[in-house]
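K.L.:
Below you'll find the structure I mean.
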Amino acid sequence: MRNDYLFTSESVSEGHPDKVSDQISDAIVDLFLSKDPEARIACETLTTTQLVVLAGEIRCKGVFENGEWAPGAQEEIEKTVRATVKRIGYEQDGFHWEKFEFINRLHGQSAHIAQGVDAKENKDEGAGDQGIMFGYATDETPGLMPATLYYSHKILERMAADRHSGAAPFLEPDAKSQVTLRYEGSLPVAATAVVVSTQHKKGYDESDPAKQAALEAYVKKVIADVIPPVLLRETEYFINPTGSFEIGGPDGDAGLTGRKIIVDTYGGAAPHGGGAFSGKDPTKVDRSAAYITRYLAKNVVAAGLATRCTIQIAYAIGVSKPLSLYVDTHDTGTVGDDKIEAAILGIAKLGGLTPRSIRTHLGLNKPIYQPTAAYGHFGRAAEGDFFPWERLDLVDDLKAALA
């Protein structure tokens, strides 16, 4: 490992066009799971100037069966979409929750996909698709997440909270952040650069130097509140480096579900299998297996078995048993990686990591997904039934298996 290096991660706000799409898609997932815990959903969302389009496949008892919509179902979908955009805060000329055109092109799930995924006599449910998924944990932050991504998320979360509360009325929903940290060994020692670009009300740019200065001062205060002062001694700040950022969100750039997979995971500090999360029910291992590998990696680090851990798992569509499990503790492990692999596969309550056992162990067949669709799926507090993959309830099992 290099002893001295720079590493950077970015985040985007809930008002970023791609994140608007992710939140709409996950609002649809939650809507259907609230009516049918066994619903099948693959919902993609396109957002652009005064337009939201849904596309994908669904199967949901009481909502969409035998190729037909239940009475009032499409109206409820549209109401859910508009409520999501309203909650984010879009009431602009180019994108307004009441005024955008809405098009629903969701259709029934393919029978050929269903036959591979559904359980049958003497056959467990198969994975919803083939693919590889990765989980990661590191001890450089209390939530066992990379510090660069952790701070990038926290900056935007704070700004969004201030916007919603009225503490920062000059902010609009779209924003991006980026944090570069200098590491010595595995520990961050300095934030060398912080970038924040935020959409703003008219006039908070070079057209009004006093307002521009106020915006910059506000952002620097947020950064100072989020990043420990000891890391800010040599920091270069880039705040709205293009100068003006009035046109944003779907009016400034089209948004699509699933385009922020690195923001959603580990900020580039770990591999990614390529599959997005939002808009998918938990039979899709793109989502559920990424959650279980994070859960496993986090518990490995929390158990003191390593200070960094990457876990990969692979599936074939229609097959319940995983094809492979791989553990890499990056030469920080207290026991061999092969022993951790064997311990994981030997823990009975994990059920061999089949798609059904993952959903059962983590309780994933519930409407818990919209809160995941902004500011990352990992490193979040396990409040109530949300973010169950952040629990640390496997630590004792791992220790016992390796004793």
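Ligands are numbered from 1 in the order shown, chains are lettered A, B, ... in the order of the structure tokens, and residues start at 1 in each chain.
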From a DSSP calculation on the backbone, collect every residue of stretch 19-171 of chain A in alpha helix (DSSP H) and output the set as an MDAnalysis selection string.

P.N.:
chainID A and resid 19:35 73:88 111:117 147:165

K.L.:
Within 9 Å of A:Leu215, counting only C-alpha atoms, which residues show up once you throw out same-chain ones fewer than 4 positions away? Write them as a list of chain:residue names, please.

P.N.:
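Those residues are A:Phe170, A:Leu171, A:His200, A:Tyr204, A:Asp205, A:Ala210, A:Lys211, A:Val219, A:Lys220, A:Ile239.
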
K.L.:
Which of these, A:Leu353, A:Ala303, A:Val319, A:Val226, has the shortest distance to A:Asp124 once you count only C-alpha atoms?

P.N.:
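Among A:Leu353, A:Ala303, A:Val319, A:Val226, it is A:Val319 that comes nearest to A:Asp124.
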
K.L.:
Give the strand (DSSP E or B) residues of stretch 106-213 of chain A, as assigned by DSSP on the backbone, as a VMD selection string.

P.N.:
chain A and resid 106 to 108 120 123 127 131 to 138 171 to 184 187 to 200

K.L.:
Nearest to A:Val327 among A:Arg356, A:Lys99, A:Arg294, A:Lys176, with distances taken over only C-alpha atoms: which residue is it?

P.N.:
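Using only C-alpha atoms, A:Val327 sits closest to A:Arg294.
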
K.L.:
I'd like to know which of A:Asp393, A:Asp281, A:Glu44, A:Glu246 is closest to A:Arg105, using only C-alpha atoms.

P.N.:
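Of A:Asp393, A:Asp281, A:Glu44, A:Glu246, the one nearest A:Arg105, counting only C-alpha atoms, is A:Glu44.
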
K.L.:
Any idea what the distance is between atom CA of A:Leu362 and atom CA of A:Arg158?

P.N.:
28.8 Å
